[in-house]
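Asks: Supplied structure: entry.pdb, PDB, C-alpha atoms, pLDDT in the B column.
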```pdb
ATOM      1  CA  LYS A 298     -28.281 -41.885  61.378  1.00 73.00           C
ATOM      2  CA  ALA A 299     -28.688 -44.645  63.880  1.00 84.00           C
ATOM      3  CA  GLY A 300     -25.487 -45.795  65.533  1.00 93.00           C
ATOM      4  CA  VAL A 301     -23.979 -49.235  65.676  1.00 96.00           C
ATOM      5  CA  THR A 302     -26.293 -51.686  67.386  1.00 97.00           C
ATOM      6  CA  GLN A 303     -25.342 -54.958  69.016  1.00 97.00           C
ATOM      7  CA  THR A 304     -27.581 -57.749  70.210  1.00 97.00           C
ATOM      8  CA  PRO A 305     -27.944 -59.137  72.704  1.00 97.00           C
ATOM      9  CA  ARG A 306     -26.485 -56.737  75.245  1.00 96.00           C
ATOM     10  CA  TYR A 307     -25.964 -59.386  77.896  1.00 97.00           C
ATOM     11  CA  LEU A 308     -25.518 -63.119  77.620  1.00 97.00           C
ATOM     12  CA  ILE A 309     -24.816 -65.905  80.084  1.00 98.00           C
ATOM     13  CA  LYS A 310     -23.586 -69.254  78.818  1.00 98.00           C
ATOM     14  CA  THR A 311     -21.926 -72.328  80.285  1.00 98.00           C
ATOM     15  CA  ARG A 312     -18.630 -73.880  79.286  1.00 98.00           C
ATOM     16  CA  GLY A 313     -18.783 -75.943  76.132  1.00 97.00           C
ATOM     17  CA  GLN A 314     -21.731 -74.097  74.652  1.00 98.00           C
ATOM     18  CA  GLN A 315     -21.542 -71.901  71.602  1.00 98.00           C
ATOM     19  CA  VAL A 316     -22.767 -68.340  71.157  1.00 98.00           C
ATOM     20  CA  THR A 317     -23.601 -65.981  68.293  1.00 98.00           C
ATOM     21  CA  LEU A 318     -23.416 -62.232  68.619  1.00 98.00           C
ATOM     22  CA  SER A 319     -24.894 -59.797  66.146  1.00 98.00           C
ATOM     23  CA  CYS A 320     -23.837 -56.363  64.958  1.00 98.00           C
ATOM     24  CA  SER A 321     -25.688 -53.908  62.718  1.00 98.00           C
ATOM     25  CA  PRO A 322     -23.386 -51.186  61.379  1.00 97.00           C
ATOM     26  CA  ILE A 323     -24.213 -47.585  60.659  1.00 96.00           C
ATOM     27  CA  SER A 324     -26.135 -47.293  57.411  1.00 95.00           C
ATOM     28  CA  GLY A 325     -23.733 -47.060  54.466  1.00 93.00           C
ATOM     29  CA  HIS A 326     -20.773 -48.507  56.360  1.00 94.00           C
ATOM     30  CA  ARG A 327     -19.230 -51.544  54.720  1.00 93.00           C
ATOM     31  CA  SER A 328     -16.504 -52.427  57.193  1.00 93.00           C
ATOM     32  CA  VAL A 329     -17.270 -54.173  60.469  1.00 95.00           C
ATOM     33  CA  SER A 330     -14.635 -55.043  63.047  1.00 95.00           C
ATOM     34  CA  TRP A 331     -14.890 -57.011  66.258  1.00 97.00           C
ATOM     35  CA  TYR A 332     -12.891 -56.518  69.442  1.00 97.00           C
ATOM     36  CA  GLN A 333     -12.710 -58.382  72.711  1.00 98.00           C
ATOM     37  CA  GLN A 334     -12.247 -56.396  75.916  1.00 96.00           C
ATOM     38  CA  THR A 335     -11.136 -58.057  79.165  1.00 96.00           C
ATOM     39  CA  PRO A 336      -9.579 -56.621  82.327  1.00 92.00           C
ATOM     40  CA  GLY A 337      -6.446 -58.699  81.838  1.00 90.00           C
ATOM     41  CA  GLN A 338      -5.799 -58.376  78.106  1.00 93.00           C
ATOM     42  CA  GLY A 339      -7.467 -55.064  77.373  1.00 94.00           C
ATOM     43  CA  LEU A 340      -8.887 -54.390  73.914  1.00 96.00           C
ATOM     44  CA  GLN A 341      -7.868 -56.959  71.344  1.00 96.00           C
ATOM     45  CA  PHE A 342      -8.751 -57.124  67.684  1.00 95.00           C
ATOM     46  CA  LEU A 343     -10.630 -60.226  66.581  1.00 97.00           C
ATOM     47  CA  PHE A 344     -11.356 -59.714  62.870  1.00 94.00           C
ATOM     48  CA  GLU A 345     -12.595 -57.287  60.258  1.00 93.00           C
ATOM     49  CA  TYR A 346     -15.062 -57.871  57.467  1.00 94.00           C
ATOM     50  CA  PHE A 347     -15.479 -55.746  54.391  1.00 93.00           C
ATOM     51  CA  SER A 348     -17.995 -56.484  51.640  1.00 91.00           C
ATOM     52  CA  GLU A 349     -18.655 -59.959  53.062  1.00 94.00           C
ATOM     53  CA  THR A 350     -14.943 -60.885  53.056  1.00 94.00           C
ATOM     54  CA  GLN A 351     -12.653 -61.214  56.026  1.00 93.00           C
ATOM     55  CA  ARG A 352      -9.989 -58.582  55.474  1.00 89.00           C
ATOM     56  CA  ASN A 353      -8.036 -58.875  58.708  1.00 88.00           C
ATOM     57  CA  LYS A 354      -7.724 -61.365  61.498  1.00 91.00           C
ATOM     58  CA  GLY A 355      -6.300 -61.152  65.009  1.00 92.00           C
ATOM     59  CA  ASN A 356      -4.534 -63.801  67.055  1.00 93.00           C
ATOM     60  CA  PHE A 357      -7.477 -65.765  68.342  1.00 96.00           C
ATOM     61  CA  PRO A 358      -8.131 -69.517  68.097  1.00 96.00           C
ATOM     62  CA  GLY A 359     -10.332 -70.962  65.404  1.00 95.00           C
ATOM     63  CA  ARG A 360     -13.217 -71.215  67.895  1.00 97.00           C
ATOM     64  CA  PHE A 361     -13.801 -67.562  67.098  1.00 98.00           C
ATOM     65  CA  SER A 362     -15.350 -66.982  63.711  1.00 97.00           C
ATOM     66  CA  GLY A 363     -17.431 -64.406  61.977  1.00 97.00           C
ATOM     67  CA  ARG A 364     -19.268 -63.512  58.851  1.00 97.00           C
ATOM     68  CA  GLN A 365     -20.787 -60.559  57.135  1.00 97.00           C
ATOM     69  CA  PHE A 366     -23.987 -60.435  55.151  1.00 97.00           C
ATOM     70  CA  SER A 367     -24.794 -58.514  51.983  1.00 96.00           C
ATOM     71  CA  ASN A 368     -26.472 -55.770  54.024  1.00 95.00           C
ATOM     72  CA  SER A 369     -23.185 -55.370  56.001  1.00 96.00           C
ATOM     73  CA  ARG A 370     -24.628 -56.810  59.192  1.00 98.00           C
ATOM     74  CA  SER A 371     -22.155 -59.075  60.901  1.00 98.00           C
ATOM     75  CA  GLU A 372     -22.206 -61.959  63.296  1.00 98.00           C
ATOM     76  CA  MET A 373     -19.466 -63.516  65.343  1.00 98.00           C
ATOM     77  CA  ASN A 374     -19.595 -67.003  66.734  1.00 98.00           C
ATOM     78  CA  VAL A 375     -17.658 -68.579  69.550  1.00 98.00           C
ATOM     79  CA  SER A 376     -17.803 -72.340  69.813  1.00 96.00           C
ATOM     80  CA  THR A 377     -16.892 -74.541  72.771  1.00 97.00           C
ATOM     81  CA  LEU A 378     -16.933 -71.670  75.207  1.00 98.00           C
ATOM     82  CA  GLU A 379     -14.261 -71.404  77.878  1.00 97.00           C
ATOM     83  CA  LEU A 380     -14.297 -69.411  81.102  1.00 97.00           C
ATOM     84  CA  GLY A 381     -11.678 -67.102  79.618  1.00 96.00           C
ATOM     85  CA  ASP A 382     -14.066 -66.071  76.862  1.00 97.00           C
ATOM     86  CA  SER A 383     -16.001 -63.976  79.368  1.00 98.00           C
ATOM     87  CA  ALA A 384     -15.600 -60.454  78.053  1.00 97.00           C
ATOM     88  CA  LEU A 385     -17.194 -57.414  76.524  1.00 97.00           C
ATOM     89  CA  TYR A 386     -17.378 -57.914  72.761  1.00 98.00           C
ATOM     90  CA  LEU A 387     -17.375 -54.694  70.833  1.00 97.00           C
ATOM     91  CA  CYS A 388     -18.333 -54.186  67.245  1.00 97.00           C
ATOM     92  CA  ALA A 389     -17.197 -51.175  65.227  1.00 96.00           C
ATOM     93  CA  SER A 390     -18.172 -49.997  61.779  1.00 95.00           C
ATOM     94  CA  SER A 391     -16.528 -47.671  59.300  1.00 92.00           C
ATOM     95  CA  GLU A 392     -17.137 -46.612  55.735  1.00 91.00           C
ATOM     96  CA  THR A 393     -14.335 -48.387  53.949  1.00 82.00           C
ATOM     97  CA  GLY A 394     -10.625 -47.957  54.479  1.00 65.00           C
ATOM     98  CA  ARG A 395      -7.995 -47.527  57.136  1.00 64.00           C
ATOM     99  CA  THR A 396      -8.312 -43.764  57.411  1.00 72.00           C
ATOM    100  CA  ASP A 397     -11.972 -43.988  58.238  1.00 83.00           C
ATOM    101  CA  THR A 398     -13.114 -43.507  61.787  1.00 87.00           C
ATOM    102  CA  GLN A 399     -14.457 -46.605  63.481  1.00 91.00           C
ATOM    103  CA  TYR A 400     -17.691 -46.101  65.376  1.00 94.00           C
ATOM    104  CA  PHE A 401     -18.310 -48.508  68.216  1.00 95.00           C
ATOM    105  CA  GLY A 402     -21.463 -50.137  69.457  1.00 96.00           C
ATOM    106  CA  PRO A 403     -22.326 -50.546  73.147  1.00 95.00           C
ATOM    107  CA  GLY A 404     -21.005 -54.090  73.227  1.00 96.00           C
ATOM    108  CA  THR A 405     -22.287 -57.488  74.274  1.00 97.00           C
ATOM    109  CA  ARG A 406     -21.310 -58.619  77.750  1.00 97.00           C
ATOM    110  CA  LEU A 407     -20.704 -62.381  77.635  1.00 98.00           C
ATOM    111  CA  THR A 408     -20.384 -64.307  80.874  1.00 98.00           C
ATOM    112  CA  VAL A 409     -19.296 -67.945  80.728  1.00 98.00           C
ATOM    113  CA  LEU A 410     -20.048 -70.041  83.818  1.00 97.00           C
TER
ATOM    114  CA  ALA B  23       4.895 -54.505  65.076  1.00 73.00           C
ATOM    115  CA  GLN B  24       3.099 -51.363  66.036  1.00 80.00           C
ATOM    116  CA  SER B  25       2.267 -50.745  69.673  1.00 89.00           C
ATOM    117  CA  VAL B  26       0.759 -48.101  71.908  1.00 94.00           C
ATOM    118  CA  THR B  27       1.804 -47.351  75.476  1.00 96.00           C
ATOM    119  CA  GLN B  28      -0.226 -45.460  78.023  1.00 97.00           C
ATOM    120  CA  PRO B  29       2.092 -45.171  81.020  1.00 97.00           C
ATOM    121  CA  ASP B  30      -0.540 -44.016  83.493  1.00 96.00           C
ATOM    122  CA  ILE B  31      -3.077 -46.608  84.591  1.00 96.00           C
ATOM    123  CA  HIS B  32      -4.922 -44.276  86.944  1.00 97.00           C
ATOM    124  CA  ILE B  33      -5.008 -40.489  87.158  1.00 97.00           C
ATOM    125  CA  THR B  34      -6.923 -38.350  89.649  1.00 97.00           C
ATOM    126  CA  VAL B  35      -7.515 -34.650  89.093  1.00 97.00           C
ATOM    127  CA  SER B  36      -9.663 -32.041  90.766  1.00 97.00           C
ATOM    128  CA  GLU B  37     -12.584 -30.605  88.873  1.00 97.00           C
ATOM    129  CA  GLY B  38     -11.478 -27.467  87.065  1.00 97.00           C
ATOM    130  CA  ALA B  39      -7.839 -28.550  86.909  1.00 98.00           C
ATOM    131  CA  SER B  40      -6.016 -29.207  83.663  1.00 97.00           C
ATOM    132  CA  LEU B  41      -5.458 -32.717  82.353  1.00 97.00           C
ATOM    133  CA  GLU B  42      -2.836 -34.433  80.261  1.00 98.00           C
ATOM    134  CA  LEU B  43      -3.001 -38.128  79.405  1.00 98.00           C
ATOM    135  CA  ARG B  44       0.108 -39.616  77.874  1.00 98.00           C
ATOM    136  CA  CYS B  45       0.321 -41.869  74.841  1.00 97.00           C
ATOM    137  CA  ASN B  46       3.449 -43.158  73.118  1.00 96.00           C
ATOM    138  CA  TYR B  47       3.387 -45.189  69.940  1.00 93.00           C
ATOM    139  CA  SER B  48       5.751 -47.408  68.057  1.00 89.00           C
ATOM    140  CA  TYR B  49       5.172 -47.301  64.328  1.00 78.00           C
ATOM    141  CA  GLY B  50       7.361 -47.410  61.254  1.00 70.00           C
ATOM    142  CA  ALA B  51       5.544 -44.892  59.093  1.00 75.00           C
ATOM    143  CA  THR B  52       3.223 -41.953  59.622  1.00 75.00           C
ATOM    144  CA  PRO B  53       0.676 -43.223  62.106  1.00 85.00           C
ATOM    145  CA  TYR B  54      -3.040 -42.762  62.150  1.00 89.00           C
ATOM    146  CA  LEU B  55      -3.790 -42.051  65.818  1.00 92.00           C
ATOM    147  CA  PHE B  56      -6.989 -41.915  67.830  1.00 95.00           C
ATOM    148  CA  TRP B  57      -8.229 -41.182  71.306  1.00 98.00           C
ATOM    149  CA  TYR B  58     -11.389 -42.900  72.490  1.00 98.00           C
ATOM    150  CA  VAL B  59     -13.289 -42.585  75.764  1.00 98.00           C
ATOM    151  CA  GLN B  60     -15.302 -45.312  77.466  1.00 97.00           C
ATOM    152  CA  SER B  61     -17.807 -44.751  80.258  1.00 93.00           C
ATOM    153  CA  PRO B  62     -18.741 -47.691  82.487  1.00 87.00           C
ATOM    154  CA  GLY B  63     -20.791 -50.285  80.652  1.00 81.00           C
ATOM    155  CA  GLN B  64     -20.567 -48.385  77.386  1.00 85.00           C
ATOM    156  CA  GLY B  65     -18.827 -48.725  74.070  1.00 90.00           C
ATOM    157  CA  LEU B  66     -16.040 -46.462  72.864  1.00 95.00           C
ATOM    158  CA  GLN B  67     -16.647 -42.905  71.754  1.00 95.00           C
ATOM    159  CA  LEU B  68     -14.175 -41.145  69.486  1.00 95.00           C
ATOM    160  CA  LEU B  69     -12.703 -37.972  70.978  1.00 97.00           C
ATOM    161  CA  LEU B  70     -10.325 -37.021  68.167  1.00 96.00           C
ATOM    162  CA  LYS B  71      -8.037 -38.396  65.489  1.00 93.00           C
ATOM    163  CA  TYR B  72      -4.798 -37.517  63.705  1.00 92.00           C
ATOM    164  CA  PHE B  73      -4.061 -38.539  60.153  1.00 86.00           C
ATOM    165  CA  SER B  74      -1.783 -35.808  58.834  1.00 80.00           C
ATOM    166  CA  GLY B  75      -1.363 -32.053  58.678  1.00 82.00           C
ATOM    167  CA  ASP B  76      -1.673 -29.802  61.705  1.00 84.00           C
ATOM    168  CA  THR B  77      -0.091 -31.556  64.676  1.00 90.00           C
ATOM    169  CA  LEU B  78      -2.540 -30.008  67.152  1.00 95.00           C
ATOM    170  CA  VAL B  79      -5.894 -31.697  66.812  1.00 96.00           C
ATOM    171  CA  GLN B  80      -9.141 -30.477  68.329  1.00 97.00           C
ATOM    172  CA  GLY B  81     -11.786 -32.939  69.423  1.00 97.00           C
ATOM    173  CA  ILE B  82     -15.135 -33.086  71.107  1.00 96.00           C
ATOM    174  CA  LYS B  83     -15.892 -32.108  74.704  1.00 95.00           C
ATOM    175  CA  GLY B  84     -13.036 -29.578  74.768  1.00 97.00           C
ATOM    176  CA  PHE B  85     -10.256 -32.130  74.304  1.00 98.00           C
ATOM    177  CA  GLU B  86      -7.194 -31.635  72.144  1.00 98.00           C
ATOM    178  CA  ALA B  87      -4.121 -33.705  71.368  1.00 98.00           C
ATOM    179  CA  GLU B  88      -0.705 -32.900  69.986  1.00 96.00           C
ATOM    180  CA  PHE B  89       1.227 -35.201  67.690  1.00 94.00           C
ATOM    181  CA  LYS B  90       4.978 -35.069  68.273  1.00 93.00           C
ATOM    182  CA  ARG B  91       6.881 -37.258  65.851  1.00 90.00           C
ATOM    183  CA  SER B  92      10.238 -36.656  67.544  1.00 91.00           C
ATOM    184  CA  GLN B  93       8.870 -38.014  70.818  1.00 93.00           C
ATOM    185  CA  SER B  94       6.542 -40.625  69.284  1.00 92.00           C
ATOM    186  CA  SER B  95       3.778 -39.168  71.415  1.00 95.00           C
ATOM    187  CA  PHE B  96       0.146 -38.188  71.034  1.00 97.00           C
ATOM    188  CA  ASN B  97      -0.875 -36.768  74.399  1.00 98.00           C
ATOM    189  CA  LEU B  98      -4.442 -35.803  75.181  1.00 98.00           C
ATOM    190  CA  ARG B  99      -5.141 -32.541  76.988  1.00 98.00           C
ATOM    191  CA  LYS B 100      -8.020 -30.601  78.434  1.00 98.00           C
ATOM    192  CA  PRO B 101      -7.615 -27.197  80.099  1.00 97.00           C
ATOM    193  CA  SER B 102     -10.398 -27.620  82.656  1.00 97.00           C
ATOM    194  CA  VAL B 103     -11.790 -31.006  83.651  1.00 98.00           C
ATOM    195  CA  HIS B 104     -15.464 -31.538  84.448  1.00 97.00           C
ATOM    196  CA  TRP B 105     -16.795 -34.263  86.786  1.00 96.00           C
ATOM    197  CA  SER B 106     -18.479 -35.870  83.766  1.00 95.00           C
ATOM    198  CA  ASP B 107     -15.058 -36.510  82.200  1.00 97.00           C
ATOM    199  CA  ALA B 108     -14.459 -39.359  84.646  1.00 97.00           C
ATOM    200  CA  ALA B 109     -14.070 -42.411  82.412  1.00 97.00           C
ATOM    201  CA  GLU B 110     -11.432 -44.615  80.827  1.00 97.00           C
ATOM    202  CA  TYR B 111      -9.413 -43.205  77.963  1.00 98.00           C
ATOM    203  CA  PHE B 112      -7.774 -45.236  75.226  1.00 98.00           C
ATOM    204  CA  CYS B 113      -5.155 -44.243  72.706  1.00 97.00           C
ATOM    205  CA  ALA B 114      -5.063 -46.300  69.495  1.00 95.00           C
ATOM    206  CA  VAL B 115      -3.205 -46.597  66.207  1.00 92.00           C
ATOM    207  CA  VAL B 116      -4.310 -48.143  62.921  1.00 87.00           C
ATOM    208  CA  SER B 117      -2.001 -51.002  62.100  1.00 73.00           C
ATOM    209  CA  THR B 118      -0.020 -51.636  58.951  1.00 63.00           C
ATOM    210  CA  GLY B 119      -1.003 -54.282  56.474  1.00 62.00           C
ATOM    211  CA  GLY B 120      -4.200 -52.801  55.203  1.00 63.00           C
ATOM    212  CA  GLY B 121      -7.660 -53.020  56.629  1.00 68.00           C
ATOM    213  CA  ASN B 122      -8.871 -51.161  59.626  1.00 77.00           C
ATOM    214  CA  LYS B 123      -7.349 -52.916  62.629  1.00 86.00           C
ATOM    215  CA  LEU B 124      -6.874 -50.742  65.693  1.00 91.00           C
ATOM    216  CA  THR B 125      -4.159 -51.456  68.228  1.00 92.00           C
ATOM    217  CA  PHE B 126      -5.090 -50.006  71.599  1.00 95.00           C
ATOM    218  CA  GLY B 127      -3.128 -48.938  74.622  1.00 96.00           C
ATOM    219  CA  THR B 128      -4.030 -50.369  77.995  1.00 96.00           C
ATOM    220  CA  GLY B 129      -6.093 -47.335  78.921  1.00 97.00           C
ATOM    221  CA  THR B 130      -5.969 -44.637  81.582  1.00 98.00           C
ATOM    222  CA  GLN B 131      -8.715 -44.513  84.193  1.00 97.00           C
ATOM    223  CA  LEU B 132      -9.528 -40.894  85.044  1.00 98.00           C
ATOM    224  CA  LYS B 133     -11.059 -40.004  88.381  1.00 97.00           C
ATOM    225  CA  VAL B 134     -12.310 -36.473  89.001  1.00 97.00           C
ATOM    226  CA  GLU B 135     -12.474 -35.153  92.532  1.00 96.00           C
ATOM    227  CA  LEU B 136     -15.159 -32.588  93.275  1.00 91.00           C
TER
END
```
Here is the file; what I need is its structure written in the form of structure tokens.

Replies:
Amino acid sequence: KAGVTQTPRYLIKTRGQQVTLSCSPISGHRSVSWYQQTPGQGLQFLFEYFSETQRNKGNFPGRFSGRQFSNSRSEMNVSTLELGDSALYLCASSETGRTDTQYFGPGTRLTVL
Amino acid sequence: AQSVTQPDIHITVSEGASLELRCNYSYGATPYLFWYVQSPGQGLQLLLKYFSGDTLVQGIKGFEAEFKRSQSSFNLRKPSVHWSDAAEYFCAVVSTGGGNKLTFGTGTQLKVEL
């Protein structure tokens, strides 16, 4: 099976812009989670989607949003970008529940100038 | 709230030496614990996981971890380190409240001296 894929791999934006990142989970996986990784804050959970519904949400402002499509592919959107949003955004997929292993994609490196 | 602590930010070992990376968790019930490894510019790769049962868990690449409830620890070990093991290692726990949210430790950067 193909692994988790994320596009694009690298992105440069300026403050105030918005950005959309995409994640394609492993075939058959219905849960997709997003994480932000920064040197200062480490790995932080953004949100989880399961069967097109947000099942869990982390402590991020409303500028961060996401959605999941019927084929389990997911997108996350960040509006009104700030310098502090520069990070590696990781997507992970799993089959269904909390005992399932999450498999991570390579990430999207977002730089905000 | 659940939390994970990795006390060692950096560790340096010689190739061929043994390795132990520490992880302590705070969790009210039986935890689901994971160790992931991240190479530069890459995503996270699962090394091993503990859900229940045998407290000594075997993983990929010759790694193992031991769950000790009395010490709230889940330390990662490898008997003989290879230069290719140089990477950052993260311990994580699945949070309460349903869903599949992982809470990660701050990571331990492993350097291997040849």

Asks: Once the ChimeraX specification (/A :<9) & /B has been evaluated on this model, what residues remain selected, and can you format them as a list of chain:residue names?

Replies: B:Tyr54, B:Phe56, B:Gly63, B:Gln64, B:Gly65, B:Leu66, B:Gln67, B:Leu68, B:Lys71, B:Phe73, B:Val116, B:Ser117, B:Gly119, B:Gly120, B:Gly121, B:Asn122, B:Lys123, B:Leu124, B:Thr125, B:Phe126, B:Gly127, B:Thr128, B:Gly129

Asks: Separation of CA of Tyr72 in chain B and CA of Phe89 in chain B, in Å?

Replies: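 Atom-to-atom, CA of Tyr72 in chain B and CA of Phe89 in chain B are spaced 7.6 Å apart.
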
Asks: CA of Glu349 in chain A to CA of Phe366 in chain A: how many Å, to one decimal?

Replies: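 Spanning CA of Glu349 in chain A to CA of Phe366 in chain A is a straight-line distance of 5.7 Å.
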
Asks: What residues come out when you apply the PyMOL selection byres ((chain A and resi 378) around 6) to this file, written as a list in words?

Replies: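 Output from the PyMOL selection byres ((chain A and resi 378) around 6), applied to this file: Arg312, Gly313, Gln314, Gln315, Ser376, Thr377 and Glu379 of chain A.
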
Asks: What is the CA of Glu372 in chain A to CA of Ala114 in chain B distance in Å?

Replies: 24.0 Å

Asks: Report as a list of chain:residue names all protein, DNA and RNA residues lying within 7 Å of Gln131 in chain B, evaluated on all atoms listed in the file, omitting residues in the same chain fewer than 3 positions from it.

Replies: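 So, after excluding close chain neighbours, the residues are B:Ile31, B:His32, B:Ile33, B:Ala109, B:Glu110, B:Tyr111.
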
Asks: Hey, what's within 7 Å of Leu407 in chain A if we count all atoms listed in the file and toss same-chain stuff fewer than 6 positions away? As an MDAnalysis selection string, please?

Replies: chainID A and resid 307:309 383:385

Asks: Skipping near chain neighbours, those fewer than 2 positions away, what residues fall within 9 Å of Phe361 in chain A using only C-alpha atoms, listed as a VMD selection string?

Replies: chain A and resid 343 357 to 359 363 373 to 376

Asks: Rank B:Val79, B:Val59, B:Leu69, B:Val103 by their smallest atom-to-atom distance to Ser40 in chain B, using only C-alpha atoms, and report the top residue only.

Replies: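 The closest residue to Ser40 in chain B is B:Val103.
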
Asks: For a cutoff of 8 Å around the file-coordinate point (-2.5, -29.6, 65.0), which residues qualify once you count all atoms listed in the file? I'd like the result as a list of chain:residue names.

Replies: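 The distance filter leaves exactly B:Gly75, B:Asp76, B:Thr77, B:Leu78, B:Val79, B:Gln80, B:Ala87, B:Glu88, B:Phe89.
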
Asks: I need the residues from that last selection saved to file as an mmCIF file, in the coordinates of the input (with C-alpha atoms), if you can.

Replies:
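Result file follows (selection-v9.cif):
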```
data_model
loop_
_atom_site.group_PDB
_atom_site.id
_atom_site.type_symbol
_atom_site.label_atom_id
_atom_site.label_comp_id
_atom_site.auth_asym_id
_atom_site.auth_seq_id
_atom_site.Cartn_x
_atom_site.Cartn_y
_atom_site.Cartn_z
ATOM 1 C CA GLY B 75 -1.363 -32.053 58.678
ATOM 2 C CA ASP B 76 -1.673 -29.802 61.705
ATOM 3 C CA THR B 77 -0.091 -31.556 64.676
ATOM 4 C CA LEU B 78 -2.540 -30.008 67.152
ATOM 5 C CA VAL B 79 -5.894 -31.697 66.812
ATOM 6 C CA GLN B 80 -9.141 -30.477 68.329
ATOM 7 C CA ALA B 87 -4.121 -33.705 71.368
ATOM 8 C CA GLU B 88 -0.705 -32.900 69.986
ATOM 9 C CA PHE B 89 1.227 -35.201 67.690
#
```

Asks: Give me the result of the PyMOL selection byres ((chain B and resi 37) around 8) on this file, residue by residue, as a PyMOL selection string.

Replies: chain B and resi 35-36+38-39+102-105+134-136

Asks: For range 39-49 of chain B, I'd like the enclosing box, axis-aligned and padded by 8 Å on every side, reported as AutoDock Vina command-line options with centre and edge lengths in Å to one decimal.

Replies:
```
--center_x -1.0 --center_y -38.0 --center_z 75.6 --size_x 29.6 --size_y 34.9 --size_z 38.6
```

Asks: From the set B:Ser74, B:Pro101, B:Cys113, B:Ala108, which residue has the shortest atom-to-atom contact distance to Thr52 in chain B, counting all atoms listed in the file?

Replies: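 The shortest atom-to-atom distance to Thr52 in chain B comes from B:Ser74.
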
Asks: Would you pick out the contacts of Ala23 in chain B at 10 Å or less, using all atoms listed in the file, so that residues sharing its chain but fewer than 3 positions from it are not included, and give the list as a PyMOL selection string?

Replies: chain B and resi 48-50+117-118

Asks: Of the residues B:Ser95, B:Arg44, B:Ser106, B:Gln60, which is the one nearest to Lys83 in chain B, using all atoms listed in the file?

Replies: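 Ranked by minimum distance to Lys83 in chain B, first place goes to B:Ser106.
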
Asks: If we count all atoms listed in the file and set the cut-off at 7 Å, which residues sit around Arg370 in chain A, ignoring sequence neighbours fewer than 5 positions away in its own chain? Please answer as a list in words.

Replies: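 The residues that qualify are Cys320, Ser321, Pro322 and Gln365 of chain A.
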
Asks: Export range 308-323 of chain A from the structure block above, keeping N, CA and C atoms, as a compact mmCIF listing (two decimals), in the first residue's frame.

Replies:
```txt
# COMPACT_ATOMS: atom_id res chain seq x y z
N LEU A 308 6.32 25.19 1.00
CA LEU A 308 5.44 26.31 0.67
C LEU A 308 5.99 27.58 1.32
N ILE A 309 6.03 28.64 0.56
CA ILE A 309 6.43 29.94 1.11
C ILE A 309 5.29 30.92 0.89
N LYS A 310 4.86 31.55 1.96
CA LYS A 310 3.78 32.52 1.91
C LYS A 310 4.21 33.78 2.67
N THR A 311 3.43 34.83 2.49
CA THR A 311 3.68 36.06 3.24
C THR A 311 2.56 36.27 4.26
N ARG A 312 2.85 37.06 5.25
CA ARG A 312 1.88 37.34 6.31
C ARG A 312 0.57 37.85 5.72
N GLY A 313 -0.51 37.39 6.29
CA GLY A 313 -1.83 37.82 5.85
C GLY A 313 -2.45 36.93 4.79
N GLN A 314 -1.63 36.16 4.11
CA GLN A 314 -2.17 35.25 3.10
C GLN A 314 -2.82 34.05 3.76
N GLN A 315 -3.48 33.24 2.96
CA GLN A 315 -4.01 31.98 3.47
C GLN A 315 -3.37 30.83 2.70
N VAL A 316 -3.45 29.63 3.27
CA VAL A 316 -2.81 28.48 2.65
C VAL A 316 -3.67 27.23 2.87
N THR A 317 -3.63 26.33 1.91
CA THR A 317 -4.33 25.05 2.03
C THR A 317 -3.34 23.93 1.81
N LEU A 318 -3.32 23.01 2.74
CA LEU A 318 -2.46 21.84 2.65
C LEU A 318 -3.31 20.60 2.46
N SER A 319 -2.77 19.64 1.73
CA SER A 319 -3.55 18.45 1.41
C SER A 319 -2.89 17.19 1.94
N CYS A 320 -3.72 16.23 2.30
CA CYS A 320 -3.24 14.96 2.83
C CYS A 320 -4.08 13.82 2.25
N SER A 321 -3.40 12.82 1.69
CA SER A 321 -4.08 11.62 1.22
C SER A 321 -3.68 10.46 2.12
N PRO A 322 -4.64 9.87 2.83
CA PRO A 322 -4.30 8.81 3.79
C PRO A 322 -4.01 7.49 3.09
N ILE A 323 -3.54 6.54 3.85
CA ILE A 323 -3.36 5.19 3.37
C ILE A 323 -4.73 4.64 2.98
```
